[in-house]
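The structure file coords-v6.cif is reproduced below (mmCIF, C-alpha atoms).
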data_my_file
#
loop_
_atom_site.label_atom_id
_atom_site.label_comp_id
_atom_site.auth_asym_id
_atom_site.auth_seq_id
_atom_site.Cartn_x
_atom_site.Cartn_y
_atom_site.Cartn_z
CA MET A 1 75.78 86.71 99.58
CA SER A 2 74.67 84.06 97.10
CA ASP A 3 77.95 84.07 95.16
CA ASP A 4 79.87 83.49 98.36
CA PRO A 5 78.06 80.78 100.35
CA ASP A 6 81.11 79.98 102.48
CA GLY A 7 81.91 83.57 103.45
CA TYR A 8 85.36 83.76 101.82
CA LEU A 9 84.77 87.33 100.68
CA GLY A 10 85.64 89.95 103.21
CA ARG A 11 87.76 87.61 105.35
CA GLN A 12 91.41 88.28 106.03
CA HIS A 13 93.72 85.69 104.46
CA PRO A 14 97.25 86.59 105.53
CA GLY A 15 98.84 83.33 104.46
CA VAL A 16 98.17 79.63 104.64
CA VAL A 17 94.65 79.32 106.01
CA ALA A 18 92.33 76.32 106.07
CA ILE A 19 88.82 77.59 105.50
CA PRO A 20 86.08 75.03 106.14
CA GLY A 21 83.64 74.68 103.27
CA LEU A 22 85.98 75.84 100.52
CA PRO A 23 87.14 73.27 98.00
CA ALA A 24 90.39 71.60 99.02
CA ASP A 25 91.88 72.21 95.57
CA PHE A 26 91.15 75.95 95.88
CA GLN A 27 92.78 76.03 99.31
CA ALA A 28 95.83 74.19 97.95
CA PHE A 29 96.03 76.62 95.02
CA HIS A 30 95.77 79.56 97.44
CA GLN A 31 98.55 78.12 99.61
CA LEU A 32 100.81 77.40 96.64
CA TYR A 33 100.47 80.69 94.75
CA ARG A 34 99.49 83.49 97.14
CA GLY A 35 103.07 84.22 98.19
CA ALA A 36 104.30 84.52 94.61
CA TYR A 37 101.36 86.70 93.65
CA VAL A 38 101.89 89.01 96.63
CA ARG A 39 105.61 89.38 95.82
CA TRP A 40 104.84 90.36 92.21
CA SER A 41 102.01 92.68 93.23
CA GLU A 42 104.26 94.35 95.81
CA LEU A 43 106.86 94.93 93.11
CA TYR A 44 104.15 96.54 90.97
CA LEU A 45 102.41 98.56 93.70
CA GLY A 46 105.35 99.37 95.97
CA SER A 47 103.41 98.42 99.12
CA ARG A 48 103.09 95.05 100.85
CA HIS A 49 99.74 96.00 102.39
CA ASP A 50 98.28 97.09 99.05
CA ALA A 51 99.69 93.99 97.36
CA GLU A 52 98.03 91.71 99.90
CA GLU A 53 94.73 93.53 99.45
CA ALA A 54 94.90 93.33 95.65
CA VAL A 55 95.85 89.64 95.71
CA ASP A 56 93.10 88.85 98.21
CA GLN A 57 90.63 90.56 95.86
CA ALA A 58 91.95 88.36 93.06
CA PHE A 59 91.51 85.25 95.21
CA GLU A 60 87.96 86.34 96.05
CA GLN A 61 87.23 86.46 92.33
CA LEU A 62 88.96 83.12 91.76
CA CYS A 63 86.98 81.56 94.62
CA ILE A 64 83.69 82.67 93.09
CA GLN A 65 84.80 81.49 89.64
CA TRP A 66 86.58 78.34 90.83
CA PRO A 67 84.63 75.89 88.64
CA LEU A 68 85.39 78.11 85.62
CA VAL A 69 89.06 78.32 86.63
CA LEU A 70 89.29 74.53 86.73
CA ARG A 71 87.82 74.28 83.21
CA GLN A 72 90.58 76.48 81.76
CA PRO A 73 93.31 74.77 79.71
CA VAL A 74 95.86 76.04 82.26
CA ALA A 75 94.34 77.23 85.54
CA GLU A 76 97.61 78.93 86.57
CA ALA A 77 97.66 81.09 83.44
CA TYR A 78 94.05 82.15 84.02
CA ALA A 79 94.74 82.95 87.68
CA TRP A 80 97.86 84.96 86.76
CA LYS A 81 95.74 87.15 84.47
CA VAL A 82 93.19 87.69 87.25
CA VAL A 83 95.95 88.69 89.70
CA LYS A 84 97.57 91.06 87.21
CA ASN A 85 94.24 92.67 86.32
CA ARG A 86 93.26 93.08 89.97
CA THR A 87 96.66 94.61 90.78
CA ILE A 88 96.42 97.03 87.85
CA ASP A 89 92.83 97.93 88.78
CA PHE A 90 93.94 98.47 92.39
CA ALA A 91 96.65 100.88 91.26
CA ARG A 92 94.30 102.76 88.92
CA ALA A 93 91.59 103.07 91.56
CA ARG A 94 94.09 104.81 93.81
CA GLY A 95 95.50 107.00 91.05
CA ARG A 96 98.89 105.32 91.12
CA ARG A 97 101.27 104.42 88.38
CA PRO A 98 103.29 101.19 88.50
CA VAL A 99 106.35 101.51 90.71
CA VAL A 100 108.31 98.59 89.25
CA VAL A 101 110.86 100.95 87.73
CA ASP A 102 111.21 102.99 90.92
CA PHE A 103 111.53 99.89 93.12
CA ALA A 104 114.13 98.20 90.97
CA ALA A 105 116.15 101.28 90.17
CA PHE A 106 116.61 102.44 93.72
CA GLU A 107 117.80 99.24 95.34
CA THR A 108 120.42 100.99 97.40
CA HIS A 109 122.27 97.88 98.53
CA THR A 110 123.45 97.43 94.96
CA LEU A 111 124.61 101.03 94.70
CA HIS A 112 126.84 100.74 97.78
CA THR A 113 129.01 98.09 96.16
CA VAL A 114 129.81 99.81 92.86
CA ILE A 115 132.59 102.23 92.04
CA ASP A 116 130.32 104.63 90.12
CA PRO A 117 126.92 104.70 91.89
CA ILE A 118 125.54 107.43 89.60
CA GLY A 119 126.51 105.47 86.50
CA ALA A 120 125.03 102.29 88.01
CA LEU A 121 121.82 104.16 88.83
CA GLU A 122 121.59 105.50 85.27
CA ASP A 123 122.19 101.99 83.89
CA SER A 124 119.59 100.54 86.24
CA LEU A 125 117.01 103.16 85.26
CA ALA A 126 117.67 102.55 81.58
CA LEU A 127 117.34 98.79 82.07
CA TYR A 128 114.03 98.98 83.93
CA GLN A 129 112.65 101.52 81.47
CA ALA A 130 113.59 99.10 78.69
CA ILE A 131 111.92 96.23 80.58
CA GLY A 132 108.77 98.36 80.66
CA THR A 133 108.71 98.37 76.85
CA LEU A 134 108.81 94.58 76.52
CA PRO A 135 105.72 92.64 75.45
CA GLU A 136 103.68 91.52 78.44
CA ARG A 137 104.85 87.89 78.58
CA GLN A 138 108.53 88.88 78.24
CA ARG A 139 108.13 91.54 80.93
CA ASP A 140 106.48 89.04 83.29
CA VAL A 141 109.24 86.49 82.78
CA MET A 142 112.02 89.05 83.27
CA LEU A 143 110.49 90.48 86.44
CA LEU A 144 109.87 87.08 88.00
CA ARG A 145 113.22 85.60 86.95
CA TYR A 146 115.52 88.54 87.57
CA SER A 147 113.78 91.07 89.84
CA LEU A 148 112.18 88.51 92.15
CA ASP A 149 114.89 85.89 91.60
CA TYR A 150 112.50 83.03 90.78
CA SER A 151 113.89 79.87 89.26
CA THR A 152 112.84 78.80 85.79
CA ALA A 153 110.54 76.18 87.34
CA GLU A 154 108.94 78.68 89.76
CA THR A 155 108.42 81.19 86.96
CA ALA A 156 106.86 78.55 84.72
CA ARG A 157 104.53 77.35 87.47
CA THR A 158 103.47 80.90 88.40
CA LEU A 159 102.74 81.92 84.81
CA GLY A 160 101.21 78.59 83.83
CA ILE A 161 103.69 77.96 81.00
CA THR A 162 106.40 75.39 80.38
CA GLU A 163 109.99 75.75 81.55
CA ALA A 164 111.06 75.70 77.89
CA GLY A 165 108.64 78.57 77.33
CA VAL A 166 110.25 80.54 80.17
CA ARG A 167 113.75 79.95 78.79
CA SER A 168 112.72 80.91 75.26
CA THR A 169 110.83 84.00 76.40
CA ALA A 170 113.76 85.10 78.57
CA ARG A 171 116.17 84.61 75.68
CA TYR A 172 114.07 86.79 73.36
CA ALA A 173 113.57 89.38 76.10
CA ARG A 174 117.32 89.58 76.81
CA ARG A 175 118.00 89.97 73.10
CA ARG A 176 115.45 92.76 72.83
CA LEU A 177 116.83 94.50 75.93
CA ARG A 178 120.38 94.31 74.63
CA GLN A 179 119.26 95.83 71.34
CA GLU A 180 117.28 98.52 73.16
CA LEU A 181 120.26 99.40 75.34
CA GLY A 182 122.67 99.38 72.41
CA LEU A 183 124.57 96.36 73.69
CA LEU A 184 123.81 94.16 70.71
CA GLU A 185 123.68 94.94 67.05
CA GLU A 186 120.78 93.83 64.87
CA GLY A 187 121.31 90.30 63.56
CA ALA A 188 123.89 89.28 66.16
CA ASP A 189 124.29 85.59 66.91
CA ASP A 190 121.76 84.26 69.47
CA ALA A 191 124.33 81.87 70.94
CA ARG A 192 126.01 84.84 72.63
CA LEU A 193 122.80 85.49 74.59
CA GLU A 194 122.60 82.25 76.54
CA ASP A 195 123.12 82.56 80.29
#
For this file, produce the structure as C-alpha cells.
Amino acid sequence: MSDDPDGYLGRQHPGVVAIPGLPADFQAFHQLYRGAYVRWSELYLGSRHDAEEAVDQAFEQLCIQWPLVLRQPVAEAYAWKVVKNRTIDFARARGRRPVVVDFAAFETHTLHTVIDPIGALEDSLALYQAIGTLPERQRDVMLLRYSLDYSTAETARTLGITEAGVRSTARYARRRLRQELGLLEEGADDARLED
C-alpha cells in the first residue's frame, strides 16, 4: 500500500509498541495519547474492544497524515478531532447510539452508597442528559474531567488547549448544567460556581 510504506495499517497496536520505520515523534505521540483516547472512546461506545478498534483506525489515519498533523497549529487538537470522528463513525457503522449516558447513569457502585438509589439514579440520568446538550467543547471537558477523572493538565493536553481554557470551559459548562437542572437562577453570581 503506497500510503502505508511501513505497514502500520492492519497491525495490532494494543499499547506501547515500537514500530521500526515509523517516525519517532509519531510513536511518542501514540504512546502518550492512545490510553486517553481509548478511555474516552470506551465511554462513548460502551466496549473496550470497539474503542481500541476505533482508536487504532484513528491512529492509522494520523500515521498516514503525520506530516499534515505536525503542520497544524496544535497537533493534539487535530488528533482529538480525528479520534472523535473515527469513534462516531465506528458507532454509526454499527448502528449504535452513544452510550455515554447509559454508562455514566448506571454506575452501580455509586448507587450502593446512597440512601435513595432511585432518586440518585434519576439525578444521574438528568445530569448526563444535560451534559449531552452542552456544546461540544464543554461536553468534552466535562466528560474528561468528571467522568474519566482527568486532571486539568491531562484534559488540556488531551484536547490540545490550555489549562486556563479547561478551567474556563468547565466553569461555563457547570453554570449551564446548573441552569439546565434548575439549580441556579439566570444571572446568579459566577463566584458561587468555582470548585
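Minimum atom-to-atom distances from A:Phe59, A:Tyr172, A:Tyr146, A:Tyr44 to Phe29 of chain A were compared using all atoms listed in the file, and the lowest value belongs to A:Phe59.
Taking atom CA of Gln138 of chain A and atom CA of Ala170 of chain A as the two end points, the separation is 6.5 Å.
Separating atom CA of Val141 of chain A from atom CA of Val166 of chain A is a distance of 6.6 Å.
One finds atom CA of Asp50 of chain A at 10.2 Å from atom CA of Arg94 of chain A.
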Could you list, as a short mmCIF file (atom, residue, chain, number, x, y, z; two decimals) with C-alpha atoms, keeping the file's coordinate frame, every residue matched by the PyMOL selection byres ((chain A and resi 85) around 12) in this structure?
data_model
loop_
_atom_site.label_atom_id
_atom_site.label_comp_id
_atom_site.auth_asym_id
_atom_site.auth_seq_id
_atom_site.Cartn_x
_atom_site.Cartn_y
_atom_site.Cartn_z
CA TYR A 37 101.36 86.70 93.65
CA SER A 41 102.01 92.68 93.23
CA TYR A 44 104.15 96.54 90.97
CA ALA A 54 94.90 93.33 95.65
CA VAL A 55 95.85 89.64 95.71
CA GLN A 57 90.63 90.56 95.86
CA ALA A 58 91.95 88.36 93.06
CA PHE A 59 91.51 85.25 95.21
CA GLN A 61 87.23 86.46 92.33
CA TYR A 78 94.05 82.15 84.02
CA ALA A 79 94.74 82.95 87.68
CA TRP A 80 97.86 84.96 86.76
CA LYS A 81 95.74 87.15 84.47
CA VAL A 82 93.19 87.69 87.25
CA VAL A 83 95.95 88.69 89.70
CA LYS A 84 97.57 91.06 87.21
CA ARG A 86 93.26 93.08 89.97
CA THR A 87 96.66 94.61 90.78
CA ILE A 88 96.42 97.03 87.85
CA ASP A 89 92.83 97.93 88.78
CA PHE A 90 93.94 98.47 92.39
CA ALA A 91 96.65 100.88 91.26
CA ARG A 92 94.30 102.76 88.92
CA ALA A 93 91.59 103.07 91.56
#
- From the list A:Ala36, A:Cys63, A:Leu177, A:Leu70, which residue is nearest Ala51 of chain A when using all atoms listed in the file? A:Ala36
- Message: Applying the PyMOL selection byres ((chain A and resi 158) around 10) to the file I just gave you, which residues come out? Please list them as a VMD selection string.
- Response: chain A and resid 32 to 34 36 to 37 76 to 77 79 to 80 141 144 150 152 to 157 159 to 161
Could you give me the axis-aligned bounding box of segment 133-137 of chain A, with 6 Å of padding per side, as centre plus edge lengths in Å to one decimal, as JSON?
{"center_x": 106.2, "center_y": 93.1, "center_z": 77.0, "size_x": 17.1, "size_y": 22.5, "size_z": 15.1}
- Exercise: Ala173 of chain A partners within 9 Å, all atoms listed in the file, chain neighbours under 5 positions left out, as a list in words: Ile131, Leu134, Pro135, Gln138, Arg139, Val141, Met142, Ser168 and Arg178 of chain A
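For the residues A:Leu143, A:Leu22, A:Ala164, A:Leu181, ranking by smallest atom-to-atom distance to Trp40 of chain A using all atoms listed in the file places A:Leu143 first.
The residue that comes closest to Glu53 of chain A, out of A:His30, A:Arg71, A:Val38, A:Asp25 and on the basis of only C-alpha atoms, is A:Val38.
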- From the list A:Val74, A:Ala24, A:Leu62, A:Val69, which residue is nearest Thr162 of chain A when using all atoms listed in the file? A:Val74
Could you please fill out segment 74-99 of chain A with N, CA, C and O atoms and send it back as a PDB file, in the frame of the given file?
ATOM      1  N   VAL A  74      94.801  75.930  81.254  1.00  0.00           N
ATOM      2  CA  VAL A  74      95.860  76.040  82.260  1.00  0.00           C
ATOM      3  C   VAL A  74      95.344  76.995  83.344  1.00  0.00           C
ATOM      4  O   VAL A  74      95.338  78.214  83.151  1.00  0.00           O
ATOM      5  N   ALA A  75      94.926  76.432  84.462  1.00  0.00           N
ATOM      6  CA  ALA A  75      94.340  77.230  85.540  1.00  0.00           C
ATOM      7  C   ALA A  75      95.308  78.307  86.028  1.00  0.00           C
ATOM      8  O   ALA A  75      94.903  79.430  86.335  1.00  0.00           O
ATOM      9  N   GLU A  76      96.607  77.973  86.089  1.00  0.00           N
ATOM     10  CA  GLU A  76      97.610  78.930  86.570  1.00  0.00           C
ATOM     11  C   GLU A  76      97.687  80.168  85.667  1.00  0.00           C
ATOM     12  O   GLU A  76      97.842  81.287  86.154  1.00  0.00           O
ATOM     13  N   ALA A  77      97.603  79.968  84.375  1.00  0.00           N
ATOM     14  CA  ALA A  77      97.660  81.090  83.440  1.00  0.00           C
ATOM     15  C   ALA A  77      96.435  81.996  83.614  1.00  0.00           C
ATOM     16  O   ALA A  77      96.542  83.227  83.595  1.00  0.00           O
ATOM     17  N   TYR A  78      95.277  81.388  83.795  1.00  0.00           N
ATOM     18  CA  TYR A  78      94.050  82.150  84.020  1.00  0.00           C
ATOM     19  C   TYR A  78      94.159  82.953  85.323  1.00  0.00           C
ATOM     20  O   TYR A  78      93.861  84.146  85.366  1.00  0.00           O
ATOM     21  N   ALA A  79      94.607  82.291  86.387  1.00  0.00           N
ATOM     22  CA  ALA A  79      94.740  82.950  87.680  1.00  0.00           C
ATOM     23  C   ALA A  79      95.745  84.097  87.622  1.00  0.00           C
ATOM     24  O   ALA A  79      95.533  85.154  88.217  1.00  0.00           O
ATOM     25  N   TRP A  80      96.850  83.903  86.892  1.00  0.00           N
ATOM     26  CA  TRP A  80      97.860  84.960  86.760  1.00  0.00           C
ATOM     27  C   TRP A  80      97.238  86.198  86.135  1.00  0.00           C
ATOM     28  O   TRP A  80      97.493  87.316  86.570  1.00  0.00           O
ATOM     29  N   LYS A  81      96.407  86.012  85.106  1.00  0.00           N
ATOM     30  CA  LYS A  81      95.740  87.150  84.470  1.00  0.00           C
ATOM     31  C   LYS A  81      94.824  87.865  85.455  1.00  0.00           C
ATOM     32  O   LYS A  81      94.775  89.098  85.491  1.00  0.00           O
ATOM     33  N   VAL A  82      94.088  87.095  86.256  1.00  0.00           N
ATOM     34  CA  VAL A  82      93.190  87.690  87.250  1.00  0.00           C
ATOM     35  C   VAL A  82      94.005  88.520  88.250  1.00  0.00           C
ATOM     36  O   VAL A  82      93.650  89.663  88.562  1.00  0.00           O
ATOM     37  N   VAL A  83      95.104  87.969  88.728  1.00  0.00           N
ATOM     38  CA  VAL A  83      95.950  88.690  89.700  1.00  0.00           C
ATOM     39  C   VAL A  83      96.506  89.962  89.079  1.00  0.00           C
ATOM     40  O   VAL A  83      96.477  91.032  89.699  1.00  0.00           O
ATOM     41  N   LYS A  84      97.027  89.863  87.864  1.00  0.00           N
ATOM     42  CA  LYS A  84      97.570  91.060  87.210  1.00  0.00           C
ATOM     43  C   LYS A  84      96.499  92.122  87.021  1.00  0.00           C
ATOM     44  O   LYS A  84      96.725  93.300  87.314  1.00  0.00           O
ATOM     45  N   ASN A  85      95.319  91.704  86.551  1.00  0.00           N
ATOM     46  CA  ASN A  85      94.240  92.670  86.320  1.00  0.00           C
ATOM     47  C   ASN A  85      93.780  93.314  87.619  1.00  0.00           C
ATOM     48  O   ASN A  85      93.543  94.524  87.666  1.00  0.00           O
ATOM     49  N   ARG A  86      93.659  92.523  88.675  1.00  0.00           N
ATOM     50  CA  ARG A  86      93.260  93.080  89.970  1.00  0.00           C
ATOM     51  C   ARG A  86      94.311  94.049  90.501  1.00  0.00           C
ATOM     52  O   ARG A  86      93.985  95.082  91.082  1.00  0.00           O
ATOM     53  N   THR A  87      95.578  93.727  90.327  1.00  0.00           N
ATOM     54  CA  THR A  87      96.660  94.610  90.780  1.00  0.00           C
ATOM     55  C   THR A  87      96.638  95.920  89.991  1.00  0.00           C
ATOM     56  O   THR A  87      96.748  97.007  90.572  1.00  0.00           O
ATOM     57  N   ILE A  88      96.485  95.829  88.691  1.00  0.00           N
ATOM     58  CA  ILE A  88      96.420  97.030  87.850  1.00  0.00           C
ATOM     59  C   ILE A  88      95.201  97.862  88.206  1.00  0.00           C
ATOM     60  O   ILE A  88      95.288  99.089  88.347  1.00  0.00           O
ATOM     61  N   ASP A  89      94.051  97.213  88.382  1.00  0.00           N
ATOM     62  CA  ASP A  89      92.830  97.930  88.780  1.00  0.00           C
ATOM     63  C   ASP A  89      93.016  98.606  90.132  1.00  0.00           C
ATOM     64  O   ASP A  89      92.559  99.727  90.343  1.00  0.00           O
ATOM     65  N   PHE A  90      93.683  97.922  91.057  1.00  0.00           N
ATOM     66  CA  PHE A  90      93.940  98.470  92.390  1.00  0.00           C
ATOM     67  C   PHE A  90      94.763  99.755  92.267  1.00  0.00           C
ATOM     68  O   PHE A  90      94.463 100.764  92.900  1.00  0.00           O
ATOM     69  N   ALA A  91      95.802  99.708  91.446  1.00  0.00           N
ATOM     70  CA  ALA A  91      96.650 100.880  91.260  1.00  0.00           C
ATOM     71  C   ALA A  91      95.864 102.028  90.624  1.00  0.00           C
ATOM     72  O   ALA A  91      95.958 103.180  91.064  1.00  0.00           O
ATOM     73  N   ARG A  92      95.096 101.728  89.608  1.00  0.00           N
ATOM     74  CA  ARG A  92      94.300 102.760  88.920  1.00  0.00           C
ATOM     75  C   ARG A  92      93.277 103.396  89.853  1.00  0.00           C
ATOM     76  O   ARG A  92      93.065 104.607  89.823  1.00  0.00           O
ATOM     77  N   ALA A  93      92.620 102.573  90.656  1.00  0.00           N
ATOM     78  CA  ALA A  93      91.590 103.070  91.560  1.00  0.00           C
ATOM     79  C   ALA A  93      92.160 104.054  92.585  1.00  0.00           C
ATOM     80  O   ALA A  93      91.447 104.916  93.089  1.00  0.00           O
ATOM     81  N   ARG A  94      93.434 103.916  92.859  1.00  0.00           N
ATOM     82  CA  ARG A  94      94.090 104.810  93.810  1.00  0.00           C
ATOM     83  C   ARG A  94      94.937 105.878  93.120  1.00  0.00           C
ATOM     84  O   ARG A  94      95.720 106.564  93.755  1.00  0.00           O
ATOM     85  N   GLY A  95      94.793 105.974  91.804  1.00  0.00           N
ATOM     86  CA  GLY A  95      95.500 107.000  91.050  1.00  0.00           C
ATOM     87  C   GLY A  95      96.999 106.843  91.036  1.00  0.00           C
ATOM     88  O   GLY A  95      97.736 107.813  90.978  1.00  0.00           O
ATOM     89  N   ARG A  96      97.452 105.584  91.095  1.00  0.00           N
ATOM     90  CA  ARG A  96      98.890 105.320  91.120  1.00  0.00           C
ATOM     91  C   ARG A  96      99.365 104.806  89.779  1.00  0.00           C
ATOM     92  O   ARG A  96      98.631 104.166  89.050  1.00  0.00           O
ATOM     93  N   ARG A  97     100.640 105.035  89.539  1.00  0.00           N
ATOM     94  CA  ARG A  97     101.270 104.420  88.380  1.00  0.00           C
ATOM     95  C   ARG A  97     102.130 103.271  88.903  1.00  0.00           C
ATOM     96  O   ARG A  97     102.480 103.227  90.084  1.00  0.00           O
ATOM     97  N   PRO A  98     102.451 102.310  88.042  1.00  0.00           N
ATOM     98  CA  PRO A  98     103.290 101.190  88.500  1.00  0.00           C
ATOM     99  C   PRO A  98     104.618 101.693  89.046  1.00  0.00           C
ATOM    100  O   PRO A  98     105.208 102.618  88.508  1.00  0.00           O
ATOM    101  N   VAL A  99     105.086 101.077  90.112  1.00  0.00           N
ATOM    102  CA  VAL A  99     106.350 101.510  90.710  1.00  0.00           C
ATOM    103  C   VAL A  99     107.466 100.512  90.464  1.00  0.00           C
ATOM    104  O   VAL A  99     108.501 100.593  91.095  1.00  0.00           O
TER     105      VAL A  99
END
